[in-house]
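**Q** One structure, pasted below without further comment.
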Amino acid sequence: MFLSNCWYVAGWSHHFQANHAVARTMLGEPVVLYRSNDGGVAALEDRCCHRLAPLSKGRVEGDDLRCMYHGLKFARSGQCIEIPGQDVVPPCARVRAYPVVEKDCWVWVWMGDPALADPALIPNALRHGDPEWWMQTGELAYEANYQYINDNLLDLAHLSYVHENTLGRNSMAWANSKPQVTRIDRGLRISRWVVNNPAPKYLDQPPGTTTDMWTSYDYMAAGVFLLQTRSYPSGAAAQCAMQEPSAEPLWTTLTSQAVTPIDERHTVYYYSGCLEKRFATEAQSLAQFAVFERAFAEDNAMIEAQQQVIWKTPEPRMLGTSSDHALNQFRRLMDELMAAEGDERAANRAPPLAAEG
Amino acid sequence: MFLSNCWYVAGWSHHFQANHAVARTMLGEPVVLYRSNDGGVAALEDRCCHRLAPLSKGRVEGDDLRCMYHGLKFARSGQCIEIPGQDVVPPCARVRAYPVVEKDCWVWVWMGDPALADPALIPNALRHGDPEWWMQTGELAYEANYQYINDNLLDLAHLSYVHENTLGRNSMAWANSKPQVTRIDRGLRISRWVVNNPAPKYLDQPPGTTTDMWTSYDYMAAGVFLLQTRSYPSGAAAQCAMQEPSAEPLWTTLTSQAVTPIDERHTVYYYSGCLEKRFATEAQSLAQFAVFERAFAEDNAMIEAQQQVIWKTPEPRMLGTSSDHALNQFRRLMDELMAAEGDERAANRAPPLAAEG
Amino acid sequence: MFLSNCWYVAGWSHHFQANHAVARTMLGEPVVLYRSNDGGVAALEDRCCHRLAPLSKGRVEGDDLRCMYHGLKFARSGQCIEIPGQDVVPPCARVRAYPVVEKDCWVWVWMGDPALADPALIPNALRHGDPEWWMQTGELAYEANYQYINDNLLDLAHLSYVHENTLGRNSMAWANSKPQVTRIDRGLRISRWVVNNPAPKYLDQPPGTTTDMWTSYDYMAAGVFLLQTRSYPSGAAAQCAMQEPSAEPLWTTLTSQAVTPIDERHTVYYYSGCLEKRFATEAQSLAQFAVFERAFAEDNAMIEAQQQVIWKTPEPRMLGTSSDHALNQFRRLMDELMAAEGDERAANRAPPLAAEG
């Protein structure tokens, strides 16, 4: 089950070079993306309507894409515009075209009804491409359903365990913090103070330094994580009465992450790490990101292992704990959005009422 | 779905050395082949009737094959002729034996009713083993249903696209040619002129040389491709009013190819390349075959990719084009042959009519 | 189908080091084993009751095991004793605990009803850990159902074929011997003389030496093989009228082997080779075991090949031979034990009779 009417990250802008077709599977559907002559990215069904060969093995020709099995050529609208050996191209010779928007160094694809593809629904990645900020980028493939990755990102208590030697910094500060969870449009806002946390080594703080971190993120359907962490001297949280701080932090860390389902059993995860240049050198930004990559490999190992257990369990049942609050809310939100989508499809299918006699 | 009553290539003669058992899966059935004492090749069910161990892990003993799990010995008729530790061998201790014919350097196995195994139904490979001709041989495994390989070989327009840098020689000549398709017994004959085609580099023709090629092949059930290409100076096609030429060609190229289903999802493909010694050196023959092998790897990549798309598509539907003419005819021919086979089996199963009272 | 109420070998004692959790799949169930503070080995369900992460990725803390996803801690009883961020641990927060006994260098796990876990049912491995005996140990993974490994061990006639170059010593002595098969409690006893068998090279016997070997093993549910071979000068079997000998042998070889189902399609096989120190050097013991390991790789190749054939055969049917006697008896014994287990479960499920009115 996927939410169709939603923007999904198909990759980083730099994945889509001129004159190259790129294959992606998104929500179980084969999609081919290519940067066309005008510099924009197009997304088509990756399946020629003729013999079903993948168009991603084809050739970009200007704004069009030619299947390299028997030569059919498609416009970015999805319409076939040339069939070699044949004068007439029937209108039904076409493949599906997907709305695409390139924004914040990410290429977003709308997987549902194109009529509903409102670019205003695209979440705003944090400082991607801002010249005042260092930005590191990465991606990771999961053999797991996307929901377990969402679950993980919605319960950061796991930092003290899964990431005890990386992001958790051998502290129980994350496990002991309690977030506030607020519903926002198509997502949740999750905020907390993490107090007396050891400062990160990659920022070259003196040994033993601790900070209070105001950590707040929006988690947007269907799986976009936009987190800022503002670090203050220890004691700041109490001074703010555990409310959101207004003072200038020592430094701010930003990360934007996107979870895109490949299919029910595979997912891809795109993530950035951003540090403001006035607070950190490029070397520090790279050192921070190296910690991120080690940590995300720890998540990957844990979640894939969890998923294997779930797949092998005939009737998996989970016992709720108090730390499941946000992830349960988000699962309900996703269920609502998917149910609404189903209702809409059902309504569109409903026959018109007969005129009364 | 396979055509059972048909000869299939199980391998090149040189695959079957004396005293070696060779395992093949053909049409989903496990088959063991071995060259027996008399030099002939025998084919048995590759599954001991005792504990179902594969006989291909066994030992060839003269004309017989011994299972090396518990020592049962089988004659080439399939009859078990020895059970260690037991004096009597029951007649039901037997495995299936398949009719085998070795012909034209290929070993052919009849997969259906042995009573119908007529060697006259074996297609004649072109100049295999003829000392006046160079002959190169190869084989390739496919993760794909055999039908998509047949389809590909029945529409050579793909040479201009899939093989643009190899067999297609960066020319639209193949895409622009229209073949004549004629039904023949258990197959199709497909003939055409390919005009103004660049001459192949491997024959050391001067740069810019073009030829007109009379290209004709028989495509025989269940997947045997027998092609001759006669090359003439450009203009020859028009001089012949696009009919079959009778004049001596500059040179002739022959290739015979056989598509053998392993199972519904895997196929093996055997192919030769033959050049007449009076027209070409051995080095030229090897250079030609190197082009063939690159081209067949191109086919393999395209067809396996097509097959992956088809497997992932819930209800795959193909849009017909004018170049599908031959492959559609061949699919109908195969359907007819399989339907006839089904009727025959049904007839054999039908109870005799009750005697009237 | 597995026999649940049975002890299964989960590994050698040395597999379970202090402070390490070890994952095993046994009879299709995920099990985590760890050596706790008191030196004993505990076995729990390898699936946290919270989000189903494997506890084998957790941390041993004294006698307890902590899940390293969100920090739940479990006692060796299976009871959860700590949920971070939560004061109360509900009693239903628990995982299954399995009875464990460490005996004869093997760790045994009872996979069925804990109330029935009688340590007296554990078969006695032969001289494991006895300081007077050399002991070599190994293990091997199979992609096969455990029954085919049992079958193999219950018909040693295969030594003359599968192992002709290793244990069979190029002799038909094993194929020609007839064992006596006796039912014992939860197993079979299988005994025979193997006469005029070439002496093993690894004991440095003069070339051409043959012996008569009294070979007797108990094969215990669900797959424990306990074999002794006593070697005598050729002629001894006849002198004993083919009955069990009472004289001191030239030397004795012992091997204990355990077949543990991983799941329906995978199995693990643990085995030892023991030689008495007064008869053999350590080098001879190692040389013997090298032959065992080559032989067990031969079994592995044959049985996995057999299993592949069986999986691909729509309705596999086996033809019985006289050498199947013991394996058929053992299959019946297993069927009886499993049927009894099913009856018991059914009885436990039966509602109490209504009191008469």
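So you can find residues: chains in the structure tokens are A, B, ... in the order shown, residues in each start at 1, and ligands are numbered from 1 in order.
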Would you give me, as a VMD selection string, the residues of chain B that come within 12 Å of chain C, using only C-alpha atoms?
**A** chain B and resid 23 25 28 to 31 45 to 59 66 to 73 80 82 to 95 263
**Q** Leaving out range 107-116 of chain A and any residue of its chain fewer than 4 positions from it, which residues lie within 8 Å of it when counting only C-alpha atoms, given as a ChimeraX atom specification?
**A** /A:4-13,27,41,43,98-103,122
**Q** For a test of reading the model, state the distance in Å between CA of Tyr270 in chain A and CA of Val224 in chain A, rounded to one decimal.
**A**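 Calculated distance between CA of Tyr270 in chain A and CA of Val224 in chain A is 9.5 Å.
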**Q** Name the closest residue to Ser234 in chain A among the candidates A:Leu33, A:Leu250, A:Val195, A:Leu44; distances are taken between atoms, counting only C-alpha atoms.
**A**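 Selected residue with least distance to Ser234 in chain A: A:Val195.
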**Q** DSSP says helix (DSSP H, G or I) for which residues of range 88-207 of chain A? Put them as a list in words?
**A**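 Helix (DSSP H, G or I) members of range 88-207 of chain A, listed: Pro114, Ala115, Leu116, Pro119, Ala120, Leu121, Tyr146, Gln147, Tyr148, Ile149, Asn150, Asp151, Asn152, Leu153, Leu156, Ala157, His158, Leu159, Ser160, Ala173, Trp174, Ala175, Asn176, Lys201, Tyr202 and Leu203 of chain A.
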**Q** Quick one: residues within 8 Å of range 200-203 of chain C, only C-alpha atoms, excluding same-chain residues fewer than 4 positions away - as a PDB file with N, CA, C and O atoms, in the first residue's frame?
**A**
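The file below, out.pdb, is the result:
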```pdb
ATOM      1  N   ARG C 169      36.701 -46.214   0.562  1.00  0.00           N
ATOM      2  CA  ARG C 169      38.005 -46.833   0.283  1.00  0.00           C
ATOM      3  C   ARG C 169      37.968 -47.763  -0.928  1.00  0.00           C
ATOM      4  O   ARG C 169      38.542 -48.850  -0.918  1.00  0.00           O
ATOM      5  N   ALA C 280      46.147 -43.830  18.780  1.00  0.00           N
ATOM      6  CA  ALA C 280      46.391 -42.915  17.653  1.00  0.00           C
ATOM      7  C   ALA C 280      47.039 -41.623  18.131  1.00  0.00           C
ATOM      8  O   ALA C 280      46.804 -41.168  19.256  1.00  0.00           O
ATOM      9  N   GLN C 284      47.224 -38.397  13.497  1.00  0.00           N
ATOM     10  CA  GLN C 284      46.328 -39.394  12.880  1.00  0.00           C
ATOM     11  C   GLN C 284      44.870 -38.997  13.070  1.00  0.00           C
ATOM     12  O   GLN C 284      44.047 -39.178  12.170  1.00  0.00           O
ATOM     13  N   ALA C 287      44.205 -36.376  10.571  1.00  0.00           N
ATOM     14  CA  ALA C 287      44.154 -36.951   9.216  1.00  0.00           C
ATOM     15  C   ALA C 287      42.835 -37.679   9.003  1.00  0.00           C
ATOM     16  O   ALA C 287      42.227 -37.607   7.923  1.00  0.00           O
ATOM     17  N   GLN C 288      42.372 -38.377  10.046  1.00  0.00           N
ATOM     18  CA  GLN C 288      41.070 -39.040   9.937  1.00  0.00           C
ATOM     19  C   GLN C 288      39.967 -38.007   9.697  1.00  0.00           C
ATOM     20  O   GLN C 288      39.108 -38.171   8.841  1.00  0.00           O
TER      21      GLN C 288
END
```
**Q** Could you jot down the CA of Ile184 in chain C to CA of Val268 in chain C separation for me, Å, one decimal place?
**A**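 If I compute the distance from CA of Ile184 in chain C to CA of Val268 in chain C, I get 24.8 Å.
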**Q** Extract, using only C-alpha atoms, all DNA, RNA and protein residues at most 10 Å from range 237-242 of chain C, discarding same-chain residues fewer than 4 positions from it, and format them as number ranges by chain.
**A** C: 192-196, 211-214, 232-233, 246-247
**Q** Would you mind exporting N, CA and C atoms of the selected residues as a compact mmCIF listing (two decimals), in the first residue's frame?
**A**
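Wrote selection-v3.txt, looks like this:
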```txt
# COMPACT_ATOMS: atom_id res chain seq x y z
N ARG C 192 26.32 -54.03 12.06
CA ARG C 192 26.74 -54.95 11.00
C ARG C 192 28.24 -55.21 11.09
N TRP C 193 28.66 -56.27 10.45
CA TRP C 193 30.07 -56.48 10.14
C TRP C 193 30.32 -55.98 8.72
N VAL C 194 31.36 -55.20 8.57
CA VAL C 194 31.85 -54.83 7.24
C VAL C 194 33.17 -55.58 7.09
N VAL C 195 33.20 -56.54 6.18
CA VAL C 195 34.33 -57.48 6.19
C VAL C 195 35.32 -57.17 5.07
N ASN C 196 36.56 -57.50 5.38
CA ASN C 196 37.64 -57.37 4.39
C ASN C 196 37.70 -55.98 3.80
N THR C 211 40.67 -55.12 7.24
CA THR C 211 40.14 -55.46 8.57
C THR C 211 38.68 -55.85 8.42
N ASP C 212 38.17 -56.48 9.49
CA ASP C 212 36.73 -56.64 9.65
C ASP C 212 36.30 -55.60 10.67
N MET C 213 35.26 -54.86 10.34
CA MET C 213 34.83 -53.76 11.21
C MET C 213 33.44 -54.06 11.76
N TRP C 214 33.34 -54.09 13.08
CA TRP C 214 32.02 -54.13 13.70
C TRP C 214 31.55 -52.68 13.85
N TYR C 232 38.98 -55.11 13.57
CA TYR C 232 39.66 -56.37 13.94
C TYR C 232 40.41 -56.90 12.72
N PRO C 233 41.34 -57.82 12.96
CA PRO C 233 41.98 -58.47 11.81
C PRO C 233 40.92 -59.18 10.96
N SER C 246 33.36 -59.50 21.29
CA SER C 246 33.64 -59.11 22.68
C SER C 246 35.14 -58.83 22.86
N ALA C 247 35.97 -59.26 21.92
CA ALA C 247 37.42 -59.09 22.07
C ALA C 247 37.81 -57.62 21.92
```
**Q** Using DSSP on the backbone coordinates, identify the residues of range 147-342 of chain C assigned to strand (DSSP E or B); present them as a ChimeraX atom specification.
**A** /C:180-184,187-198,210-220,224-233,251-263,266-276
**Q** Between CA of Tyr146 in chain B and CA of Glu143 in chain C, what is the distance, to one decimal in Å?
**A**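 Going from CA of Tyr146 in chain B over to CA of Glu143 in chain C, I get 29.0 Å.
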**Q** What's the 12 Å shell around Pro131 in chain C, counting only C-alpha atoms, without same-chain residues fewer than 2 positions away, as a PDB file with all heavy atoms, in the first residue's frame?
**A**
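Wrote it out as selection-v9.pdb, contents follow:
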```pdb
ATOM      1  N   ARG C 127      32.076 -39.913  24.013  1.00  0.00           N
ATOM      2  CA  ARG C 127      33.412 -39.501  24.446  1.00  0.00           C
ATOM      3  C   ARG C 127      33.727 -38.043  24.143  1.00  0.00           C
ATOM      4  O   ARG C 127      34.905 -37.681  24.079  1.00  0.00           O
ATOM      5  CB  ARG C 127      34.499 -40.393  23.799  1.00  0.00           C
ATOM      6  CG  ARG C 127      34.351 -41.870  24.088  1.00  0.00           C
ATOM      7  CD  ARG C 127      34.820 -42.175  25.489  1.00  0.00           C
ATOM      8  NE  ARG C 127      34.715 -43.613  25.757  1.00  0.00           N
ATOM      9  CZ  ARG C 127      35.046 -44.173  26.908  1.00  0.00           C
ATOM     10  NH1 ARG C 127      35.494 -43.419  27.890  1.00  0.00           N
ATOM     11  NH2 ARG C 127      34.908 -45.462  27.101  1.00  0.00           N
ATOM     12  N   HIS C 128      32.694 -37.231  23.924  1.00  0.00           N
ATOM     13  CA  HIS C 128      32.960 -35.808  23.727  1.00  0.00           C
ATOM     14  C   HIS C 128      33.604 -35.260  24.990  1.00  0.00           C
ATOM     15  O   HIS C 128      33.054 -35.408  26.075  1.00  0.00           O
ATOM     16  CB  HIS C 128      31.664 -35.047  23.455  1.00  0.00           C
ATOM     17  CG  HIS C 128      31.192 -35.141  22.037  1.00  0.00           C
ATOM     18  ND1 HIS C 128      30.138 -34.423  21.553  1.00  0.00           N
ATOM     19  CD2 HIS C 128      31.651 -35.859  20.984  1.00  0.00           C
ATOM     20  CE1 HIS C 128      29.948 -34.692  20.292  1.00  0.00           C
ATOM     21  NE2 HIS C 128      30.845 -35.575  19.915  1.00  0.00           N
ATOM     22  N   GLY C 129      34.741 -34.640  24.845  1.00  0.00           N
ATOM     23  CA  GLY C 129      35.385 -33.996  25.983  1.00  0.00           C
ATOM     24  C   GLY C 129      36.161 -34.957  26.872  1.00  0.00           C
ATOM     25  O   GLY C 129      36.710 -34.532  27.896  1.00  0.00           O
ATOM     26  N   TRP C 133      40.654 -39.179  24.844  1.00  0.00           N
ATOM     27  CA  TRP C 133      40.318 -39.286  23.420  1.00  0.00           C
ATOM     28  C   TRP C 133      40.625 -37.974  22.703  1.00  0.00           C
ATOM     29  O   TRP C 133      40.375 -36.895  23.226  1.00  0.00           O
ATOM     30  CB  TRP C 133      38.820 -39.605  23.250  1.00  0.00           C
ATOM     31  CG  TRP C 133      38.462 -41.002  23.677  1.00  0.00           C
ATOM     32  CD1 TRP C 133      38.455 -41.492  24.949  1.00  0.00           C
ATOM     33  CD2 TRP C 133      38.094 -42.077  22.818  1.00  0.00           C
ATOM     34  NE1 TRP C 133      38.093 -42.823  24.950  1.00  0.00           N
ATOM     35  CE2 TRP C 133      37.863 -43.214  23.642  1.00  0.00           C
ATOM     36  CE3 TRP C 133      37.921 -42.215  21.432  1.00  0.00           C
ATOM     37  CZ2 TRP C 133      37.476 -44.448  23.120  1.00  0.00           C
ATOM     38  CZ3 TRP C 133      37.522 -43.448  20.917  1.00  0.00           C
ATOM     39  CH2 TRP C 133      37.313 -44.549  21.760  1.00  0.00           C
ATOM     40  N   TRP C 134      41.158 -38.127  21.464  1.00  0.00           N
ATOM     41  CA  TRP C 134      41.220 -36.981  20.575  1.00  0.00           C
ATOM     42  C   TRP C 134      39.806 -36.672  20.097  1.00  0.00           C
ATOM     43  O   TRP C 134      39.025 -37.598  19.842  1.00  0.00           O
ATOM     44  CB  TRP C 134      42.091 -37.264  19.335  1.00  0.00           C
ATOM     45  CG  TRP C 134      43.503 -37.637  19.658  1.00  0.00           C
ATOM     46  CD1 TRP C 134      44.108 -38.840  19.417  1.00  0.00           C
ATOM     47  CD2 TRP C 134      44.500 -36.788  20.226  1.00  0.00           C
ATOM     48  NE1 TRP C 134      45.414 -38.811  19.811  1.00  0.00           N
ATOM     49  CE2 TRP C 134      45.690 -37.556  20.326  1.00  0.00           C
ATOM     50  CE3 TRP C 134      44.516 -35.478  20.688  1.00  0.00           C
ATOM     51  CZ2 TRP C 134      46.870 -37.056  20.854  1.00  0.00           C
ATOM     52  CZ3 TRP C 134      45.679 -34.966  21.207  1.00  0.00           C
ATOM     53  CH2 TRP C 134      46.854 -35.750  21.297  1.00  0.00           C
ATOM     54  N   MET C 135      39.516 -35.413  19.953  1.00  0.00           N
ATOM     55  CA  MET C 135      38.173 -35.048  19.479  1.00  0.00           C
ATOM     56  C   MET C 135      38.296 -33.890  18.494  1.00  0.00           C
ATOM     57  O   MET C 135      38.857 -32.849  18.833  1.00  0.00           O
ATOM     58  CB  MET C 135      37.319 -34.602  20.662  1.00  0.00           C
ATOM     59  CG  MET C 135      35.927 -34.144  20.258  1.00  0.00           C
ATOM     60  SD  MET C 135      35.102 -33.391  21.694  1.00  0.00           S
ATOM     61  CE  MET C 135      33.515 -33.017  20.975  1.00  0.00           C
ATOM     62  N   CYS C 274      36.294 -38.959  16.900  1.00  0.00           N
ATOM     63  CA  CYS C 274      37.074 -39.235  18.116  1.00  0.00           C
ATOM     64  C   CYS C 274      37.898 -40.510  17.939  1.00  0.00           C
ATOM     65  O   CYS C 274      37.402 -41.525  17.433  1.00  0.00           O
ATOM     66  CB  CYS C 274      36.144 -39.401  19.323  1.00  0.00           C
ATOM     67  SG  CYS C 274      35.259 -37.884  19.744  1.00  0.00           S
ATOM     68  N   LEU C 275      39.156 -40.430  18.366  1.00  0.00           N
ATOM     69  CA  LEU C 275      40.061 -41.591  18.354  1.00  0.00           C
ATOM     70  C   LEU C 275      40.730 -41.665  19.723  1.00  0.00           C
ATOM     71  O   LEU C 275      41.127 -40.637  20.279  1.00  0.00           O
ATOM     72  CB  LEU C 275      41.146 -41.424  17.278  1.00  0.00           C
ATOM     73  CG  LEU C 275      40.837 -41.891  15.859  1.00  0.00           C
ATOM     74  CD1 LEU C 275      42.014 -41.550  14.947  1.00  0.00           C
ATOM     75  CD2 LEU C 275      40.548 -43.386  15.816  1.00  0.00           C
ATOM     76  N   GLU C 276      40.901 -42.884  20.224  1.00  0.00           N
ATOM     77  CA  GLU C 276      41.488 -43.048  21.551  1.00  0.00           C
ATOM     78  C   GLU C 276      42.980 -42.751  21.476  1.00  0.00           C
ATOM     79  O   GLU C 276      43.676 -43.205  20.554  1.00  0.00           O
ATOM     80  CB  GLU C 276      41.233 -44.470  22.051  1.00  0.00           C
ATOM     81  CG  GLU C 276      41.347 -44.567  23.556  1.00  0.00           C
ATOM     82  CD  GLU C 276      40.773 -45.894  24.079  1.00  0.00           C
ATOM     83  OE1 GLU C 276      40.259 -46.681  23.256  1.00  0.00           O
ATOM     84  OE2 GLU C 276      40.821 -46.110  25.290  1.00  0.00           O
ATOM     85  N   LYS C 277      43.458 -41.981  22.440  1.00  0.00           N
ATOM     86  CA  LYS C 277      44.844 -41.542  22.401  1.00  0.00           C
ATOM     87  C   LYS C 277      45.822 -42.710  22.483  1.00  0.00           C
ATOM     88  O   LYS C 277      46.916 -42.648  21.919  1.00  0.00           O
ATOM     89  CB  LYS C 277      45.101 -40.536  23.530  1.00  0.00           C
ATOM     90  CG  LYS C 277      44.422 -39.191  23.258  1.00  0.00           C
ATOM     91  CD  LYS C 277      44.654 -38.161  24.368  1.00  0.00           C
ATOM     92  CE  LYS C 277      43.953 -36.850  24.018  1.00  0.00           C
ATOM     93  NZ  LYS C 277      44.070 -35.853  25.113  1.00  0.00           N
ATOM     94  N   ARG C 278      45.435 -43.816  23.133  1.00  0.00           N
ATOM     95  CA  ARG C 278      46.404 -44.918  23.231  1.00  0.00           C
ATOM     96  C   ARG C 278      46.554 -45.649  21.895  1.00  0.00           C
ATOM     97  O   ARG C 278      47.482 -46.419  21.704  1.00  0.00           O
ATOM     98  CB  ARG C 278      46.027 -45.879  24.357  1.00  0.00           C
ATOM     99  CG  ARG C 278      44.700 -46.570  24.176  1.00  0.00           C
ATOM    100  CD  ARG C 278      44.343 -47.395  25.429  1.00  0.00           C
ATOM    101  NE  ARG C 278      43.001 -47.906  25.317  1.00  0.00           N
ATOM    102  CZ  ARG C 278      42.694 -49.222  25.263  1.00  0.00           C
ATOM    103  NH1 ARG C 278      43.617 -50.142  25.345  1.00  0.00           N
ATOM    104  NH2 ARG C 278      41.422 -49.591  25.158  1.00  0.00           N
TER     105      ARG C 278
END
```
**Q** May I have the residues within 12 Å of Asp185 in chain C as a compact mmCIF listing (two decimals) with N, CA and C atoms, in the first residue's frame, using only C-alpha atoms and disregarding those fewer than 4 positions away in the same chain?
**A**
```
# COMPACT_ATOMS: atom_id res chain seq x y z
N LEU C 121 16.22 -37.18 28.19
CA LEU C 121 15.97 -37.53 26.77
C LEU C 121 17.12 -37.13 25.86
N ILE C 122 18.11 -36.46 26.39
CA ILE C 122 19.23 -36.05 25.54
C ILE C 122 20.12 -37.25 25.24
N PRO C 123 20.34 -37.55 23.96
CA PRO C 123 21.24 -38.67 23.62
C PRO C 123 22.66 -38.38 24.12
N ARG C 189 18.74 -48.99 16.44
CA ARG C 189 20.13 -49.43 16.54
C ARG C 189 20.44 -50.24 15.28
N ASP C 218 23.51 -45.91 16.99
CA ASP C 218 22.13 -45.56 17.37
C ASP C 218 21.75 -44.32 16.59
N TYR C 219 20.56 -44.34 16.00
CA TYR C 219 20.05 -43.16 15.32
C TYR C 219 18.81 -42.70 16.07
N MET C 220 18.94 -41.57 16.73
CA MET C 220 17.93 -41.11 17.68
C MET C 220 17.13 -39.94 17.09
N ALA C 221 15.84 -39.89 17.42
CA ALA C 221 15.01 -38.76 17.01
C ALA C 221 15.63 -37.47 17.58
N PHE C 330 12.75 -45.49 10.34
CA PHE C 330 12.95 -44.25 11.09
C PHE C 330 11.91 -43.21 10.70
N LEU C 333 8.93 -44.02 12.67
CA LEU C 333 9.11 -43.63 14.07
C LEU C 333 8.88 -42.13 14.23
N MET C 334 9.45 -41.36 13.34
CA MET C 334 9.27 -39.90 13.41
C MET C 334 7.80 -39.55 13.23
N LEU C 337 6.01 -40.20 16.46
CA LEU C 337 6.29 -39.19 17.49
C LEU C 337 5.58 -37.88 17.17
```
